[in-house]
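Worksheet: the structure to be examined is printed underneath.
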Amino acid sequence: MSETLIKPRIEKIPLTDRLTQKLPILLVPLLATAGLVAIGSPSTWLTLTVAGLAMGMMIFIMASGLTVVFGLMDVINFGHGAFVTVGAFIGFSVLSWLAGWTASPSVPLNLSAVVIAILAAMLLTALLGYAFERVIIKPVYGQHLKQILVTMGGLIVAQQMIHVVWGPDEMHLSRPEALQGSFILGEAAIEKYRLLAVGLGLALFLSMRHVLKHTKIGLLVRAGVENGEMVEALGYRISRLFLIVFMTGSALAGLGGVMWGLYQETITAHMGADIMVLVFIVVIIGGLGSIEGCFIGALLVGLLANYTAFLAPKVALISTIGLMVVILMWRPQGLYPVVKAK
Amino acid sequence: MLTRLLSGDMPRSGLLTVLLLGILVSLAFAPFLFPGTKSLETAAKICIFIVLVASYDLLLGYAGIVSFAHTMFFGIGAYGTALALSTTGPTYSSMIWGTAAGAIVAGIFALAIGLFSLRVKAIFFAMVTLAVASAFAVLMSQLSWLTGGEDGLNYGVPREFKPAFKLIDEKILDVRINGKLLLYYFVFFASAALFLIMLRIVNSPFGRTLKAVRDNAFRAEAIGYKVVWYRTTATVLSAVMAALAGSLLAIWLRYTGPATTLSMEIMIDILLMVVIGGMGTLYGAVVGATIFILAQTYLQNLMGLAETATSSIPIVSTLVAPERWLLWLGVLFILSVYFFPSGIVGRLREGRA
């Protein structure tokens, strides 16, 4: 026997290729640095960056459900904004009902009121998601045109029902004592609530990644995204899996709604529809169906929106559209396109 | 002659023919049949919305593309005419070049968006247009030095179109023959002409190919039709038509603002009109727009009556309050997407067969 063993060749990926793969992640610090250069003053920049990250996290919370639902079942829910609004209204109702707790100086009481409000909002929006999926979306699987129309109809009906239940006026509510005010870091003022939003969003992203990458249900979801029929053939009921994901997505939208409502301290019946514009931009930037892309897209949009709101307020919304255009020219399917095995 | 005028696309249903003739006659003689300012306003709005909804149907019903930027094109047309009339004075020439500029800009915008996002997926296009349109609406209300912001623009129209202008002194059938009436007939005939042009487009070979692309893009591509080209052309055509409808609205109202042209509510109204009237047939736009606007104007009074009648029952009375009319239309919309996606017109045509 001669020594003609074929050595396994491990291909070394060139640095440039590896860098291109990682490039979307690098965009966030890149944008932050660009912002620092443009703004000049570090303390203003820090305040704006925290605000941008907080906004991005909240948008991520709302957008994540939408993008996973799309990836898994090829369903885009134009009525997703309704869950945001309903969540916000339920949260505000609970908080005003617990007014004694939120006004008291005790921090645990404050926070438990917020937690109860969030849980109530998430529970009810999950149930609403169940009803929405069964009644509105189920009959139109696989038909994009009808999906868009029907979910839009669902949005109209939901908005009108909010008017019926909560009346036509907007609701105001100040944040609980513990979440008001800000820290002073050097010369920069950082609102407590924004830090909380950043922390919560980050925790949610990490746990979502953990669930998707390291649990069985996550494995099924990822497999379902790639090839739903195969998962079905292996004996898992993908429609039930989808229902769970849809309800989770709705609950997250409700959570996002409460957080956004507390951030703005004012909610209206059409707030969900307004935020949906940003959510759609984020989902498009990230690549339909990709959770990482959605996260990065949300951070980019949040940062850019805050920087431009400071530098040139009139073009703030246009700037996010510009970002979308630039990213789509670079990657027509979004930052992390989801590859379907079909 | 009639077949030529309608491009061979006959109503194909007795009841539908009666309905369409009824609408045509009512609109043609609206100033005489239904005297009063409110009914004339309603009639003109119906004319303009028939064009607008038909142009949307060109996209949704014939090409199978969902766009949420239709009000943007409508608004571009309206603002084009409005800006021309307010900057260069109320002359016919400024009316014409404003309208032309609006239509061209709308066409270019549509081309850009189409080339950009129609390659990927229908759903993608819907999302991109939604984002672009809402950004445009915000931009228009921000650029107040140009567009008057939220207040919009007020301007004059040529002298012959003003209510003070009298064509003849006597009244005909108790109706004053003034500039307002002339303007109404200008809007009516322009709308009718635009509608017939669109009917011509959808019944041409181009329209048939568009339907083929809608039903099976893959097969159409395989036969040798450039799918992206057809979709983009349909988008541009429908944008130009929407812009022209916007110009008509601008001339009729002598006012242009975000609320009358760009708002998301109007987009949803258009969507409801197309689906309830019937997708994929332009007559659906006629029926849908007429029913919807009549309902918008007069159903609310009826619901007000219902509210007072049921005021003792707490939940029911809020549900039938006039402000909640959109709730019922939304329900009707969902039901019609499920159970009769071809809308009223489709139903009537099936009923005959």
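Going by the structure tokens order, chains are called A, B, ..., each with residues numbered from 1, while ligands are numbered from 1 in the order shown.
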
May I have the residues of chain B within 10 Å of chain A, counting only C-alpha atoms, written as a ChimeraX atom specification? /B:60,64-66,116-117,119-124,126-136,138-139,141-143,264-265,268,271-272,275,315-321,323-338,341

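The residues of region 69-232 of chain A that DSSP classifies as strand (DSSP E or B), using the backbone of this structure, are Met171, His172, Ser182, Phe183, Ile184, Leu185, Ala188, Ala189, Ile190 and Glu191 of chain A.
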
Name all residues at most 12 Å from Asn110 (chain A) (count only C-alpha atoms; drop same-chain ones fewer than 2 positions away) and give them as JSON, numbers by chain. {"A": [95, 98, 99, 100, 101, 102, 103, 104, 105, 106, 107, 108, 112, 113, 114, 115, 116, 117, 175, 176, 177, 178, 179, 180]}

May I have all residues of region 68-289 of chain A that DSSP, computed from the backbone, assigns to alpha helix (DSSP H), given as JSON, numbers by chain? {"A": [68, 69, 70, 71, 72, 73, 80, 81, 82, 83, 84, 85, 86, 87, 88, 89, 90, 91, 92, 93, 94, 95, 96, 97, 99, 100, 101, 102, 103, 107, 108, 109, 110, 111, 112, 113, 114, 115, 116, 117, 118, 119, 120, 121, 122, 123, 124, 125, 126, 127, 128, 129, 130, 131, 144, 145, 146, 147, 148, 149, 150, 151, 152, 153, 154, 155, 156, 157, 158, 159, 160, 161, 162, 163, 164, 165, 166, 192, 193, 194, 195, 196, 197, 198, 199, 200, 201, 202, 203, 204, 205, 206, 207, 208, 209, 210, 211, 212, 213, 214, 216, 217, 218, 219, 220, 221, 222, 223, 224, 225, 226, 228, 229, 230, 231, 232, 233, 238, 239, 240, 241, 242, 243, 244, 245, 246, 247, 248, 249, 250, 251, 252, 253, 254, 255, 256, 257, 258, 259, 260, 261, 262, 263, 264, 271, 272, 273, 274, 275, 276, 277, 278, 279, 280, 281, 282, 283, 284, 285, 286]}

Selected residues, C-alpha atoms, written as a short mmCIF file (atom, residue, chain, number, x, y, z; two decimals), in the first residue's frame, please.
```
data_model
loop_
_atom_site.label_atom_id
_atom_site.label_comp_id
_atom_site.auth_asym_id
_atom_site.auth_seq_id
_atom_site.Cartn_x
_atom_site.Cartn_y
_atom_site.Cartn_z
CA VAL A 68 -40.87 34.31 11.93
CA VAL A 69 -44.47 33.82 10.90
CA PHE A 70 -43.53 34.73 7.38
CA GLY A 71 -40.53 32.44 7.37
CA LEU A 72 -42.44 29.50 8.72
CA MET A 73 -45.71 29.67 6.87
CA HIS A 80 -50.02 42.68 12.86
CA GLY A 81 -50.32 46.33 13.86
CA ALA A 82 -53.72 45.60 15.38
CA PHE A 83 -52.04 43.39 18.00
CA VAL A 84 -49.68 46.21 18.86
CA THR A 85 -52.57 48.59 19.40
CA VAL A 86 -54.72 46.12 21.29
CA GLY A 87 -51.77 45.22 23.52
CA ALA A 88 -51.13 48.86 24.29
CA PHE A 89 -54.76 49.53 25.13
CA ILE A 90 -55.05 46.49 27.38
CA GLY A 91 -51.79 47.38 29.11
CA PHE A 92 -52.92 50.94 29.67
CA SER A 93 -56.30 49.81 30.98
CA VAL A 94 -54.61 47.51 33.49
CA LEU A 95 -52.17 50.21 34.53
CA SER A 96 -54.87 52.80 35.06
CA TRP A 97 -56.83 50.21 37.01
CA ALA A 99 -53.25 53.45 39.50
CA GLY A 100 -52.61 53.10 43.24
CA TRP A 101 -49.65 50.83 42.57
CA THR A 102 -48.08 52.90 39.82
CA ALA A 103 -48.33 56.16 41.75
CA VAL A 107 -40.31 50.30 43.28
CA PRO A 108 -41.49 46.64 43.59
CA LEU A 109 -45.12 47.75 43.50
CA ASN A 110 -44.43 49.89 40.43
CA LEU A 111 -42.69 47.11 38.61
CA SER A 112 -45.26 44.46 39.49
CA ALA A 113 -47.98 46.71 38.11
CA VAL A 114 -46.04 46.95 34.84
CA VAL A 115 -45.43 43.20 34.80
CA ILE A 116 -49.11 42.47 35.39
CA ALA A 117 -50.05 44.90 32.62
CA ILE A 118 -47.58 43.28 30.23
CA LEU A 119 -48.74 39.77 31.08
CA ALA A 120 -52.39 40.69 30.66
CA ALA A 121 -51.63 42.34 27.32
CA MET A 122 -49.60 39.39 26.09
CA LEU A 123 -52.18 36.84 27.17
CA LEU A 124 -55.04 38.64 25.52
CA THR A 125 -53.16 39.39 22.31
CA ALA A 126 -52.12 35.73 22.14
CA LEU A 127 -55.77 34.74 22.39
CA LEU A 128 -56.63 37.33 19.78
CA GLY A 129 -53.88 35.88 17.63
CA TYR A 130 -55.47 32.47 18.00
CA ALA A 131 -58.80 33.80 16.82
CA HIS A 144 -50.63 35.89 -1.03
CA LEU A 145 -53.04 38.28 -2.65
CA LYS A 146 -55.96 37.19 -0.52
CA GLN A 147 -53.78 37.14 2.58
CA ILE A 148 -52.83 40.75 2.14
CA LEU A 149 -56.43 41.76 1.52
CA VAL A 150 -57.93 39.70 4.31
CA THR A 151 -55.41 40.70 6.96
CA MET A 152 -55.87 44.31 5.93
CA GLY A 153 -59.61 43.80 6.45
CA GLY A 154 -58.84 42.30 9.85
CA LEU A 155 -56.84 45.42 10.68
CA ILE A 156 -59.77 47.66 9.76
CA VAL A 157 -62.21 45.66 11.86
CA ALA A 158 -59.80 45.50 14.81
CA GLN A 159 -59.20 49.24 14.69
CA GLN A 160 -62.91 49.91 14.66
CA MET A 161 -63.47 47.49 17.53
CA ILE A 162 -60.90 49.41 19.56
CA HIS A 163 -62.99 52.50 18.97
CA VAL A 164 -66.07 50.62 20.13
CA VAL A 165 -64.45 49.26 23.28
CA TRP A 166 -62.20 52.13 24.36
CA LYS A 192 -34.19 54.84 32.83
CA TYR A 193 -37.01 53.54 30.75
CA ARG A 194 -34.85 53.44 27.63
CA LEU A 195 -32.25 51.35 29.44
CA LEU A 196 -34.99 48.98 30.54
CA ALA A 197 -36.22 48.71 26.96
CA VAL A 198 -32.72 47.97 25.71
CA GLY A 199 -32.20 45.32 28.39
CA LEU A 200 -35.55 43.68 27.77
CA GLY A 201 -35.09 43.67 24.02
CA LEU A 202 -31.63 42.19 24.27
CA ALA A 203 -32.82 39.52 26.71
CA LEU A 204 -35.66 38.68 24.40
CA PHE A 205 -33.40 38.43 21.38
CA LEU A 206 -30.97 36.15 23.19
CA SER A 207 -33.70 33.91 24.57
CA MET A 208 -35.35 33.76 21.17
CA ARG A 209 -32.08 32.72 19.62
CA HIS A 210 -31.60 30.17 22.36
CA VAL A 211 -35.06 28.70 21.80
CA LEU A 212 -34.56 28.59 18.05
CA LYS A 213 -31.08 27.10 18.18
CA HIS A 214 -31.09 24.84 21.20
CA LYS A 216 -36.63 20.93 20.00
CA ILE A 217 -39.39 23.32 19.18
CA GLY A 218 -36.85 25.75 17.77
CA LEU A 219 -35.39 22.98 15.69
CA LEU A 220 -38.84 22.20 14.35
CA VAL A 221 -39.48 25.84 13.57
CA ARG A 222 -36.19 26.17 11.73
CA ALA A 223 -36.82 22.94 9.87
CA GLY A 224 -40.30 24.16 9.05
CA VAL A 225 -38.90 27.37 7.62
CA GLU A 226 -36.58 25.42 5.40
CA GLY A 228 -42.35 22.48 5.83
CA GLU A 229 -43.50 19.41 3.90
CA MET A 230 -40.57 17.38 5.12
CA VAL A 231 -41.32 18.21 8.74
CA GLU A 232 -44.91 17.22 8.16
CA ALA A 233 -43.80 13.96 6.57
CA ILE A 238 -46.81 21.88 11.31
CA SER A 239 -50.15 23.65 11.45
CA ARG A 240 -50.15 23.39 15.24
CA LEU A 241 -46.56 24.52 15.37
CA PHE A 242 -47.49 27.43 13.23
CA LEU A 243 -50.42 28.32 15.46
CA ILE A 244 -48.06 28.41 18.46
CA VAL A 245 -45.61 30.62 16.60
CA PHE A 246 -48.41 32.88 15.45
CA MET A 247 -49.75 33.26 18.97
CA THR A 248 -46.26 33.95 20.29
CA GLY A 249 -45.75 36.55 17.59
CA SER A 250 -49.04 38.19 18.50
CA ALA A 251 -48.13 38.18 22.18
CA LEU A 252 -44.79 39.80 21.35
CA ALA A 253 -46.61 42.44 19.34
CA GLY A 254 -48.78 43.06 22.39
CA LEU A 255 -45.67 43.37 24.56
CA GLY A 256 -44.16 45.76 22.06
CA GLY A 257 -47.39 47.75 22.11
CA VAL A 258 -47.32 48.17 25.90
CA MET A 259 -43.67 49.17 25.82
CA TRP A 260 -44.16 51.60 22.98
CA GLY A 261 -47.20 53.04 24.72
CA LEU A 262 -45.24 53.58 27.95
CA TYR A 263 -42.43 55.12 25.91
CA GLN A 264 -44.72 57.62 24.21
CA MET A 271 -50.73 53.71 16.49
CA GLY A 272 -50.26 50.13 15.36
CA ALA A 273 -50.78 51.04 11.73
CA ASP A 274 -48.26 53.88 12.08
CA ILE A 275 -45.60 51.69 13.68
CA MET A 276 -46.18 49.00 11.09
CA VAL A 277 -44.45 51.19 8.53
CA LEU A 278 -41.24 51.00 10.55
CA VAL A 279 -41.81 47.31 11.25
CA PHE A 280 -42.15 46.56 7.56
CA ILE A 281 -39.02 48.51 6.75
CA VAL A 282 -37.15 46.52 9.41
CA VAL A 283 -38.46 43.20 8.17
CA ILE A 284 -37.54 44.07 4.57
CA ILE A 285 -34.06 45.25 5.55
CA GLY A 286 -33.43 42.14 7.61
#
```

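The protein and nucleic acid residues lying at most 12 Å from Ser94 (chain B) are B:Gly80, B:Thr81, B:Ala82, B:Leu83, B:Ala84, B:Leu85, B:Ser86, B:Thr87, B:Thr88, B:Ala100, B:Ala101, B:Gly102, B:Tyr155, B:Gly156, B:Val157, B:Pro158, B:Ser247, B:Ile251, with only C-alpha atoms considered and sequence neighbours fewer than 6 positions away removed.
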